[in-house]
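What follows is entry27.cif (mmCIF, C-alpha atoms).
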```
data_upload
#
loop_
_atom_site.label_atom_id
_atom_site.label_comp_id
_atom_site.auth_asym_id
_atom_site.auth_seq_id
_atom_site.Cartn_x
_atom_site.Cartn_y
_atom_site.Cartn_z
CA MET A 295 119.85 123.96 39.53
CA THR A 296 119.99 127.62 40.60
CA ILE A 297 116.21 127.73 40.74
CA ILE A 298 116.13 124.55 42.85
CA PHE A 299 118.70 125.87 45.33
CA ASN A 300 116.91 129.22 45.52
CA ASN A 301 113.64 127.41 46.28
CA ILE A 302 115.31 125.32 48.97
CA PHE A 303 116.84 128.43 50.51
CA LEU A 304 113.46 130.16 50.45
CA PHE A 305 111.82 127.12 52.07
CA LEU A 306 114.43 126.91 54.84
CA SER A 307 114.22 130.65 55.50
CA THR A 308 110.45 130.44 55.75
CA LEU A 309 110.66 127.40 58.03
CA SER A 310 113.11 129.20 60.30
CA THR A 311 110.76 132.17 60.55
CA VAL A 312 107.84 129.91 61.45
CA VAL A 313 109.81 128.07 64.15
CA THR A 314 110.96 131.38 65.63
CA ALA A 315 107.39 132.67 65.64
CA LEU A 316 106.22 129.56 67.48
CA ALA A 317 108.79 129.95 70.24
CA VAL A 318 107.93 131.75 73.46
CA SER A 319 109.21 135.33 73.52
CA PRO A 320 112.36 135.65 75.70
CA SER A 321 110.68 138.55 77.48
CA MET A 322 107.92 136.27 78.78
CA LYS A 323 108.14 134.24 81.98
CA SER A 324 106.94 130.68 81.39
CA TYR A 325 105.28 128.51 84.03
CA LEU A 326 104.39 124.84 83.73
CA ILE A 327 101.35 123.68 85.70
CA SER A 328 100.32 120.04 85.79
CA GLY A 329 96.67 119.05 86.14
CA SER A 330 95.62 122.53 85.10
CA ASN A 331 92.58 121.99 82.91
CA LYS A 332 90.29 122.41 85.95
CA GLY A 333 90.13 123.12 89.67
CA GLN A 334 92.98 124.79 91.52
CA GLY A 335 95.40 124.13 88.64
CA TYR A 336 93.17 126.13 86.31
CA ALA A 337 92.72 128.81 88.98
CA THR A 338 96.51 129.09 89.28
CA CYS A 339 96.81 129.64 85.53
CA GLU A 340 94.08 132.25 85.74
CA ARG A 341 95.77 134.21 88.53
CA ILE A 342 99.18 134.18 86.84
CA LEU A 343 97.80 135.38 83.51
CA LEU A 344 95.57 138.08 85.01
CA GLU A 345 98.05 139.49 87.51
CA HIS A 346 101.22 139.41 85.41
CA SER A 347 101.07 140.52 81.78
CA ASN A 348 104.55 139.17 80.96
CA THR A 349 103.64 135.55 81.67
CA HIS A 350 103.15 132.46 79.54
CA ILE A 351 101.57 129.19 80.70
CA PHE A 352 102.18 125.58 79.76
CA LEU A 353 98.77 124.19 80.64
CA CYS A 354 99.30 120.46 81.25
CA SER A 355 96.38 118.09 80.95
CA ARG A 356 96.13 114.32 80.66
CA ASP A 357 93.12 114.76 78.37
CA LEU A 358 94.17 116.91 75.41
CA LYS A 359 90.59 117.88 74.47
CA ARG A 360 89.86 119.15 77.97
CA GLY A 361 93.16 120.98 77.95
CA GLU A 362 92.26 122.78 74.72
CA GLU A 363 88.86 123.71 76.13
CA ALA A 364 90.51 125.12 79.25
CA LYS A 365 92.98 127.07 77.12
CA GLN A 366 90.21 128.69 75.10
CA LYS A 367 88.42 129.70 78.27
CA LEU A 368 91.61 131.25 79.67
CA ILE A 369 92.27 133.10 76.41
CA ASP A 370 88.75 134.51 76.40
CA GLU A 371 88.78 135.54 80.06
CA CYS A 372 92.38 136.50 80.76
CA CYS A 373 94.34 137.21 77.61
CA SER A 374 92.25 139.50 75.40
CA ASP A 375 92.21 136.81 72.69
CA ASP A 376 96.03 136.56 72.68
CA ASP A 377 96.43 132.80 72.33
CA SER A 378 100.24 133.01 72.38
CA ARG A 379 100.22 133.18 76.18
CA VAL A 380 98.91 129.65 76.71
CA ASP A 381 100.14 126.35 75.29
CA VAL A 382 98.48 123.03 76.01
CA VAL A 383 100.80 120.12 76.81
CA GLN A 384 99.48 116.59 77.06
CA LEU A 385 100.90 115.12 80.26
CA ASP A 386 100.08 111.91 82.12
CA VAL A 387 102.23 111.97 85.25
CA THR A 388 101.97 108.17 85.62
CA ASP A 389 103.55 107.51 82.23
CA ASP A 390 107.31 107.92 81.68
CA THR A 391 106.83 108.21 77.91
CA SER A 392 104.21 110.93 78.31
CA VAL A 393 106.46 112.92 80.66
CA LYS A 394 109.40 112.63 78.25
CA SER A 395 107.23 113.74 75.32
CA ALA A 396 105.89 116.68 77.33
CA LEU A 397 109.44 117.75 78.20
CA GLU A 398 110.43 117.66 74.53
CA THR A 399 107.38 119.76 73.61
CA VAL A 400 108.17 122.35 76.27
CA GLN A 401 111.86 122.56 75.34
CA GLN A 402 111.00 123.01 71.68
CA LYS A 403 108.56 125.79 72.53
CA LEU A 404 111.01 127.55 74.85
CA GLY A 405 113.70 127.48 72.18
CA GLN A 406 117.42 127.08 72.59
CA ASP A 407 118.59 127.95 76.11
CA GLY A 408 115.01 128.75 77.12
CA LYS A 409 114.06 128.22 80.76
CA LEU A 410 110.94 127.87 82.87
CA SER A 411 110.38 130.49 85.54
CA GLY A 412 108.48 127.99 87.64
CA ILE A 413 106.70 124.66 88.00
CA VAL A 414 103.49 123.94 89.88
CA SER A 415 103.06 120.21 90.42
CA ASN A 416 99.31 120.11 90.91
CA ALA A 417 98.08 116.93 89.18
CA GLY A 418 96.48 114.57 91.67
CA ILE A 419 93.49 112.47 92.67
CA LEU A 420 91.53 112.41 95.91
CA TRP A 421 90.56 109.61 98.28
CA GLY A 422 88.44 106.70 97.06
CA TYR A 423 91.12 105.24 94.77
CA PRO A 424 93.22 102.12 95.44
CA LEU A 425 96.52 102.89 97.17
CA PRO A 426 98.68 101.83 94.16
CA GLU A 427 96.90 104.39 91.98
CA LEU A 428 97.11 107.08 94.64
CA MET A 429 100.84 106.52 95.02
CA ASP A 430 101.49 106.45 91.27
CA VAL A 431 99.71 109.73 90.63
CA CYS A 432 100.42 111.72 93.78
CA ALA A 433 103.82 110.50 94.93
CA THR A 434 105.79 108.84 92.13
CA GLY A 435 104.01 110.99 89.54
CA VAL A 436 105.12 114.16 91.30
CA GLN A 437 108.70 112.91 91.26
CA ARG A 438 108.52 112.09 87.54
CA VAL A 439 107.50 115.67 86.82
CA LEU A 440 110.16 117.19 89.07
CA ASP A 441 112.93 114.94 87.71
CA ALA A 442 112.02 115.90 84.15
CA PHE A 443 111.36 119.63 84.41
CA THR A 444 113.36 120.98 87.35
CA PRO A 445 116.62 120.95 85.33
CA ILE A 446 115.13 123.53 82.94
CA VAL A 447 113.96 125.93 85.66
CA GLU A 448 115.85 129.22 85.99
CA ASP A 449 118.32 129.47 88.86
CA ASP A 450 116.00 131.91 90.65
CA GLY A 451 112.82 130.10 89.58
CA ARG A 452 110.34 128.34 91.83
CA VAL A 453 109.11 124.77 92.15
CA VAL A 454 105.79 124.32 93.99
CA VAL A 455 104.31 120.97 94.98
CA VAL A 456 100.62 121.10 95.89
CA THR A 457 100.05 118.81 98.87
CA SER A 458 97.59 118.44 101.74
CA GLY A 459 97.35 119.02 105.47
CA LEU A 460 96.90 115.27 105.77
CA GLY A 461 100.57 114.88 104.83
CA PRO A 462 102.07 116.40 108.00
CA LEU A 463 99.20 114.93 110.04
CA MET A 464 100.00 111.39 108.87
CA HIS A 465 103.67 112.17 109.46
CA SER A 466 102.87 112.97 113.09
CA TYR A 467 101.14 109.59 113.48
CA SER A 468 104.11 107.73 111.99
CA SER A 469 106.68 105.88 114.05
CA GLN A 470 109.65 107.88 115.29
CA ALA A 471 111.92 105.87 113.01
CA ASN A 472 109.87 106.78 109.92
CA GLN A 473 109.65 110.41 111.00
CA ALA A 474 113.41 110.57 111.36
CA LYS A 475 113.93 109.15 107.87
CA LEU A 476 111.44 111.54 106.32
CA MET A 477 112.96 114.57 108.04
CA ASP A 478 116.57 113.66 107.27
CA GLY A 479 117.90 116.38 104.99
CA SER A 480 120.31 113.97 103.33
CA SER A 481 117.58 111.50 102.32
CA SER A 482 116.51 111.09 98.70
CA PHE A 483 113.39 109.93 96.93
CA ASP A 484 115.03 106.79 95.56
CA GLU A 485 116.77 105.80 98.78
CA THR A 486 114.12 106.79 101.32
CA ILE A 487 110.70 107.44 99.80
CA THR A 488 110.59 104.64 97.21
CA PRO A 489 111.29 101.87 99.77
CA MET A 490 108.57 103.33 102.01
CA ILE A 491 106.11 103.38 99.12
CA ASP A 492 106.96 99.78 98.27
CA GLU A 493 106.49 98.76 101.90
CA CYS A 494 103.08 100.46 102.06
CA LEU A 495 101.98 98.87 98.79
CA SER A 496 103.12 95.46 99.99
CA ALA A 497 101.10 95.91 103.21
CA TYR A 498 98.10 96.98 101.14
CA GLU A 499 98.31 94.07 98.70
CA ARG A 500 98.65 91.35 101.34
CA SER A 501 95.59 92.58 103.25
CA ASN A 502 92.07 91.47 102.33
CA THR A 503 89.99 93.45 104.81
CA ILE A 504 90.08 96.93 106.31
CA GLU A 505 91.00 95.47 109.68
CA GLU A 506 93.94 93.58 108.18
CA ARG A 507 95.06 96.67 106.31
CA ILE A 508 94.99 98.83 109.44
CA LYS A 509 97.11 96.29 111.28
CA ALA A 510 99.53 95.92 108.36
CA PHE A 511 100.12 99.69 108.16
CA GLU A 512 100.64 99.87 111.91
CA GLU A 513 103.23 97.09 111.75
CA ILE A 514 105.37 99.09 109.30
CA GLY A 515 105.12 102.30 111.33
CA PHE A 516 102.35 104.10 109.43
CA PRO A 517 99.25 104.01 111.65
CA GLY A 518 96.38 106.27 110.66
CA GLY A 519 95.53 107.68 114.05
CA PRO A 520 91.78 108.33 114.32
CA PHE A 521 91.41 107.79 110.57
CA SER A 522 92.32 104.10 110.82
CA ASP A 523 88.86 103.05 111.94
CA SER A 524 86.66 106.02 111.07
CA ALA A 525 87.99 106.95 107.60
CA PRO A 526 90.42 104.39 106.11
CA ASP A 527 90.29 106.19 102.75
CA PHE A 528 91.72 109.28 104.48
CA HIS A 529 94.43 107.08 105.96
CA MET A 530 95.59 105.93 102.52
CA TYR A 531 95.16 109.41 101.02
CA GLY A 532 97.38 110.75 103.79
CA LEU A 533 100.04 108.10 103.13
CA ARG A 534 100.56 109.26 99.58
CA LYS A 535 100.84 112.88 100.82
CA VAL A 536 103.50 112.22 103.47
CA ARG A 537 106.28 112.58 100.90
CA GLY A 538 105.12 116.13 100.18
CA ILE A 539 105.65 117.63 103.63
#
```
As structure tokens:
Amino acid sequence: MTIIFNNIFLFLSTLSTVVTALAVSPSMKSYLISGSNKGQGYATCERILLEHSNTHIFLCSRDLKRGEEAKQKLIDECCSDDDSRVDVVQLDVTDDTSVKSALETVQQKLGQDGKLSGIVSNAGILWGYPLPELMDVCATGVQRVLDAFTPIVEDDGRVVVVTSGLGPLMHSYSSQANQAKLMDGSSSFDETITPMIDECLSAYERSNTIEERIKAFEEIGFPGGPFSDSAPDFHMYGLRKVRGI
């Protein structure tokens, strides 16, 4: 029995050492960046790693394979082959289960009482997609990420939401009533933004032509200005960015 207990103790001690080794060093500042396997998300990872040697990145990617490829490229170019500075986290911002799993992965890696130094909510899609998909990725998806990860950001940490100039532009085209709601400091996502999203989606779904859609958006106080006729895709892209102003 002594041998058995000694073996168990040795196993647990070894396991503890491995878990500790996997955790991010307390001296490192960790940043979580969604949609960071390419584009400006990847460029943000690159700048952080190159300009600040005490940084660690949670590189979030919906496609795990692409995330791993991006990680290897960052390690080769920015980290002198030190792969401890980048961890890939699979994250689909449209999926509650994926966001919860990503949070658990990050918390485990940070260790007990570990905190993020910052979040960059960058995951998004451009125009050319149906409005429901645009809203789910770029509006509701942003909120899913912030709701999940903001509580583990340091008190003096930063939360950055990547948006677009079309957001404030569409805001300026909106009715005065909608502008007032959006600019009200006491408003919340659930009480203000979600009903607006639902109203826009309802207008979208009940319209069969571009002309009907333009009229439906105008009726609920979200006209597209010059984009209504000339670039309706920009109109819808701008709608999903209004919540980010």
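For the file shown, the residue list from the PyMOL selection byres ((chain A and resi 408-411) around 9) reads A:Val318, A:Pro320, A:Lys323, A:Ser324, A:Tyr325, A:Leu326, A:Gln401, A:Gln402, A:Lys403, A:Leu404, A:Gly405, A:Gln406, A:Asp407, A:Gly412, A:Ile413, A:Phe443, A:Thr444, A:Pro445, A:Ile446, A:Val447, A:Glu448, A:Asp449, A:Asp450, A:Gly451, A:Arg452, A:Val453.
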TODO: Run the PyMOL selection byres ((chain A and resi 383-393) around 12) on the file and write out the hits as number ranges by chain.
DONE: A: 325-331, 351-362, 364-365, 380-382, 394-403, 415-419, 426-443
Could the centre and edge lengths of an axis-aligned box, enclosing all atoms of region 367-377 of chain A in the file with 3 Å extra on each side, be given in Å to one decimal as lines of an AutoDock Vina configuration file?
```
center_x = 92.4
center_y = 134.6
center_z = 76.5
size_x = 14.0
size_y = 15.8
size_z = 14.4
```
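Residue selection for this entry, given the PyMOL selection byres ((chain A and resi 481-492) around 9), comprises A:Met429, A:Ala433, A:Thr434, A:Gln437, A:Asn472, A:Lys475, A:Leu476, A:Met477, A:Asp478, A:Gly479, A:Ser480, A:Glu493, A:Cys494, A:Leu495, A:Ser496, A:Ala497, A:Leu533, A:Arg534, A:Arg537.
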Prev. selection, C-alpha atoms, output as a PDB file, keeping the file's coordinate frame:
```pdb
ATOM      1  CA  MET A 429     100.840 106.520  95.020  1.00  0.00           C
ATOM      2  CA  ALA A 433     103.820 110.500  94.930  1.00  0.00           C
ATOM      3  CA  THR A 434     105.790 108.840  92.130  1.00  0.00           C
ATOM      4  CA  GLN A 437     108.700 112.910  91.260  1.00  0.00           C
ATOM      5  CA  ASN A 472     109.870 106.780 109.920  1.00  0.00           C
ATOM      6  CA  LYS A 475     113.930 109.150 107.870  1.00  0.00           C
ATOM      7  CA  LEU A 476     111.440 111.540 106.320  1.00  0.00           C
ATOM      8  CA  MET A 477     112.960 114.570 108.040  1.00  0.00           C
ATOM      9  CA  ASP A 478     116.570 113.660 107.270  1.00  0.00           C
ATOM     10  CA  GLY A 479     117.900 116.380 104.990  1.00  0.00           C
ATOM     11  CA  SER A 480     120.310 113.970 103.330  1.00  0.00           C
ATOM     12  CA  GLU A 493     106.490  98.760 101.900  1.00  0.00           C
ATOM     13  CA  CYS A 494     103.080 100.460 102.060  1.00  0.00           C
ATOM     14  CA  LEU A 495     101.980  98.870  98.790  1.00  0.00           C
ATOM     15  CA  SER A 496     103.120  95.460  99.990  1.00  0.00           C
ATOM     16  CA  ALA A 497     101.100  95.910 103.210  1.00  0.00           C
ATOM     17  CA  LEU A 533     100.040 108.100 103.130  1.00  0.00           C
ATOM     18  CA  ARG A 534     100.560 109.260  99.580  1.00  0.00           C
ATOM     19  CA  ARG A 537     106.280 112.580 100.900  1.00  0.00           C
TER      20      ARG A 537
END
```
- [ ] Record the distance separating CA of Pro517 (chain A) and CA of Val456 (chain A), expressed in Å with one decimal.
- [x] 23.3 Å
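Atom pair CA of Arg341 (chain A) / CA of Ser378 (chain A) has a distance of 16.8 Å (rounded to one decimal).
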Open item on the list: Quick check, in Å to one decimal: how far apart do CA of Ala474 (chain A) and CA of Gly515 (chain A) lie?
Closed with: 11.7 Å
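Restricting the calculation to only C-alpha atoms, the smallest distance between Thr457 (chain A) and any of A:Leu344, A:Val414, A:Ala337, A:Ile514 is found for A:Val414.
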With all heavy atoms as the target, complete region 505-516 of chain A and hand it back as a PDB file, in the coordinates of the input.
```
ATOM      1  N   GLU A 505      90.356  95.758 108.397  1.00  0.00           N
ATOM      2  CA  GLU A 505      91.000  95.470 109.680  1.00  0.00           C
ATOM      3  C   GLU A 505      92.428  94.963 109.457  1.00  0.00           C
ATOM      4  O   GLU A 505      93.361  95.389 110.157  1.00  0.00           O
ATOM      5  CB  GLU A 505      90.184  94.418 110.444  1.00  0.00           C
ATOM      6  CG  GLU A 505      88.845  94.897 110.969  1.00  0.00           C
ATOM      7  CD  GLU A 505      87.777  95.016 109.879  1.00  0.00           C
ATOM      8  OE1 GLU A 505      87.957  94.400 108.801  1.00  0.00           O
ATOM      9  OE2 GLU A 505      86.789  95.726 110.103  1.00  0.00           O
ATOM     10  N   GLU A 506      92.599  94.086 108.479  1.00  0.00           N
ATOM     11  CA  GLU A 506      93.940  93.580 108.180  1.00  0.00           C
ATOM     12  C   GLU A 506      94.853  94.688 107.664  1.00  0.00           C
ATOM     13  O   GLU A 506      96.044  94.742 107.982  1.00  0.00           O
ATOM     14  CB  GLU A 506      93.851  92.460 107.132  1.00  0.00           C
ATOM     15  CG  GLU A 506      93.236  91.171 107.644  1.00  0.00           C
ATOM     16  CD  GLU A 506      93.129  90.121 106.545  1.00  0.00           C
ATOM     17  OE1 GLU A 506      93.438  90.449 105.372  1.00  0.00           O
ATOM     18  OE2 GLU A 506      92.728  88.981 106.857  1.00  0.00           O
ATOM     19  N   ARG A 507      94.283  95.573 106.892  1.00  0.00           N
ATOM     20  CA  ARG A 507      95.060  96.670 106.310  1.00  0.00           C
ATOM     21  C   ARG A 507      95.529  97.639 107.394  1.00  0.00           C
ATOM     22  O   ARG A 507      96.673  98.096 107.403  1.00  0.00           O
ATOM     23  CB  ARG A 507      94.213  97.387 105.264  1.00  0.00           C
ATOM     24  CG  ARG A 507      94.974  98.284 104.330  1.00  0.00           C
ATOM     25  CD  ARG A 507      94.186  98.493 103.053  1.00  0.00           C
ATOM     26  NE  ARG A 507      94.162  97.306 102.231  1.00  0.00           N
ATOM     27  CZ  ARG A 507      93.229  97.023 101.327  1.00  0.00           C
ATOM     28  NH1 ARG A 507      92.224  97.857 101.147  1.00  0.00           N
ATOM     29  NH2 ARG A 507      93.294  95.927 100.619  1.00  0.00           N
ATOM     30  N   ILE A 508      94.631  97.950 108.328  1.00  0.00           N
ATOM     31  CA  ILE A 508      94.990  98.830 109.440  1.00  0.00           C
ATOM     32  C   ILE A 508      96.146  98.241 110.229  1.00  0.00           C
ATOM     33  O   ILE A 508      97.129  98.931 110.550  1.00  0.00           O
ATOM     34  CB  ILE A 508      93.766  99.047 110.365  1.00  0.00           C
ATOM     35  CG1 ILE A 508      92.703  99.889 109.652  1.00  0.00           C
ATOM     36  CG2 ILE A 508      94.190  99.722 111.674  1.00  0.00           C
ATOM     37  CD1 ILE A 508      91.381  99.949 110.384  1.00  0.00           C
ATOM     38  N   LYS A 509      96.053  96.960 110.512  1.00  0.00           N
ATOM     39  CA  LYS A 509      97.110  96.290 111.280  1.00  0.00           C
ATOM     40  C   LYS A 509      98.417  96.259 110.505  1.00  0.00           C
ATOM     41  O   LYS A 509      99.499  96.482 111.067  1.00  0.00           O
ATOM     42  CB  LYS A 509      96.667  94.860 111.619  1.00  0.00           C
ATOM     43  CG  LYS A 509      97.664  94.109 112.491  1.00  0.00           C
ATOM     44  CD  LYS A 509      97.160  92.721 112.839  1.00  0.00           C
ATOM     45  CE  LYS A 509      98.176  91.980 113.691  1.00  0.00           C
ATOM     46  NZ  LYS A 509      97.719  90.602 114.036  1.00  0.00           N
ATOM     47  N   ALA A 510      98.327  95.991 109.194  1.00  0.00           N
ATOM     48  CA  ALA A 510      99.530  95.920 108.360  1.00  0.00           C
ATOM     49  C   ALA A 510     100.254  97.265 108.300  1.00  0.00           C
ATOM     50  O   ALA A 510     101.488  97.321 108.376  1.00  0.00           O
ATOM     51  CB  ALA A 510      99.169  95.443 106.958  1.00  0.00           C
ATOM     52  N   PHE A 511      99.500  98.365 108.186  1.00  0.00           N
ATOM     53  CA  PHE A 511     100.120  99.690 108.160  1.00  0.00           C
ATOM     54  C   PHE A 511     100.746 100.029 109.514  1.00  0.00           C
ATOM     55  O   PHE A 511     101.810 100.640 109.586  1.00  0.00           O
ATOM     56  CB  PHE A 511      99.097 100.767 107.785  1.00  0.00           C
ATOM     57  CG  PHE A 511      98.691 100.738 106.332  1.00  0.00           C
ATOM     58  CD1 PHE A 511      97.370 100.955 105.961  1.00  0.00           C
ATOM     59  CD2 PHE A 511      99.617 100.501 105.331  1.00  0.00           C
ATOM     60  CE1 PHE A 511      96.986 100.940 104.632  1.00  0.00           C
ATOM     61  CE2 PHE A 511      99.243 100.478 103.991  1.00  0.00           C
ATOM     62  CZ  PHE A 511      97.921 100.694 103.646  1.00  0.00           C
ATOM     63  N   GLU A 512     100.087  99.631 110.581  1.00  0.00           N
ATOM     64  CA  GLU A 512     100.640  99.870 111.910  1.00  0.00           C
ATOM     65  C   GLU A 512     101.961  99.128 112.099  1.00  0.00           C
ATOM     66  O   GLU A 512     102.907  99.662 112.688  1.00  0.00           O
ATOM     67  CB  GLU A 512      99.634  99.424 112.979  1.00  0.00           C
ATOM     68  CG  GLU A 512      98.431 100.344 113.115  1.00  0.00           C
ATOM     69  CD  GLU A 512      97.437  99.848 114.148  1.00  0.00           C
ATOM     70  OE1 GLU A 512      97.574  98.679 114.592  1.00  0.00           O
ATOM     71  OE2 GLU A 512      96.526 100.613 114.500  1.00  0.00           O
ATOM     72  N   GLU A 513     102.027  97.907 111.583  1.00  0.00           N
ATOM     73  CA  GLU A 513     103.230  97.090 111.750  1.00  0.00           C
ATOM     74  C   GLU A 513     104.454  97.694 111.059  1.00  0.00           C
ATOM     75  O   GLU A 513     105.590  97.459 111.480  1.00  0.00           O
ATOM     76  CB  GLU A 513     102.976  95.679 111.215  1.00  0.00           C
ATOM     77  CG  GLU A 513     102.034  94.859 112.103  1.00  0.00           C
ATOM     78  CD  GLU A 513     101.672  93.524 111.492  1.00  0.00           C
ATOM     79  OE1 GLU A 513     101.989  93.325 110.279  1.00  0.00           O
ATOM     80  OE2 GLU A 513     101.068  92.677 112.189  1.00  0.00           O
ATOM     81  N   ILE A 514     104.239  98.479 110.003  1.00  0.00           N
ATOM     82  CA  ILE A 514     105.370  99.090 109.300  1.00  0.00           C
ATOM     83  C   ILE A 514     105.578 100.556 109.717  1.00  0.00           C
ATOM     84  O   ILE A 514     106.336 101.293 109.092  1.00  0.00           O
ATOM     85  CB  ILE A 514     105.217  99.001 107.770  1.00  0.00           C
ATOM     86  CG1 ILE A 514     103.957  99.744 107.285  1.00  0.00           C
ATOM     87  CG2 ILE A 514     105.188  97.540 107.322  1.00  0.00           C
ATOM     88  CD1 ILE A 514     103.848  99.831 105.773  1.00  0.00           C
ATOM     89  N   GLY A 515     104.883 100.957 110.781  1.00  0.00           N
ATOM     90  CA  GLY A 515     105.120 102.300 111.330  1.00  0.00           C
ATOM     91  C   GLY A 515     104.323 103.407 110.701  1.00  0.00           C
ATOM     92  O   GLY A 515     104.689 104.580 110.818  1.00  0.00           O
ATOM     93  N   PHE A 516     103.195 103.065 110.029  1.00  0.00           N
ATOM     94  CA  PHE A 516     102.350 104.100 109.430  1.00  0.00           C
ATOM     95  C   PHE A 516     100.900 103.936 109.875  1.00  0.00           C
ATOM     96  O   PHE A 516     100.005 103.712 109.048  1.00  0.00           O
ATOM     97  CB  PHE A 516     102.434 104.056 107.898  1.00  0.00           C
ATOM     98  CG  PHE A 516     103.685 104.655 107.350  1.00  0.00           C
ATOM     99  CD1 PHE A 516     104.636 103.851 106.730  1.00  0.00           C
ATOM    100  CD2 PHE A 516     103.940 106.013 107.453  1.00  0.00           C
ATOM    101  CE1 PHE A 516     105.801 104.396 106.208  1.00  0.00           C
ATOM    102  CE2 PHE A 516     105.108 106.562 106.948  1.00  0.00           C
ATOM    103  CZ  PHE A 516     106.045 105.753 106.325  1.00  0.00           C
TER     104      PHE A 516
END
```
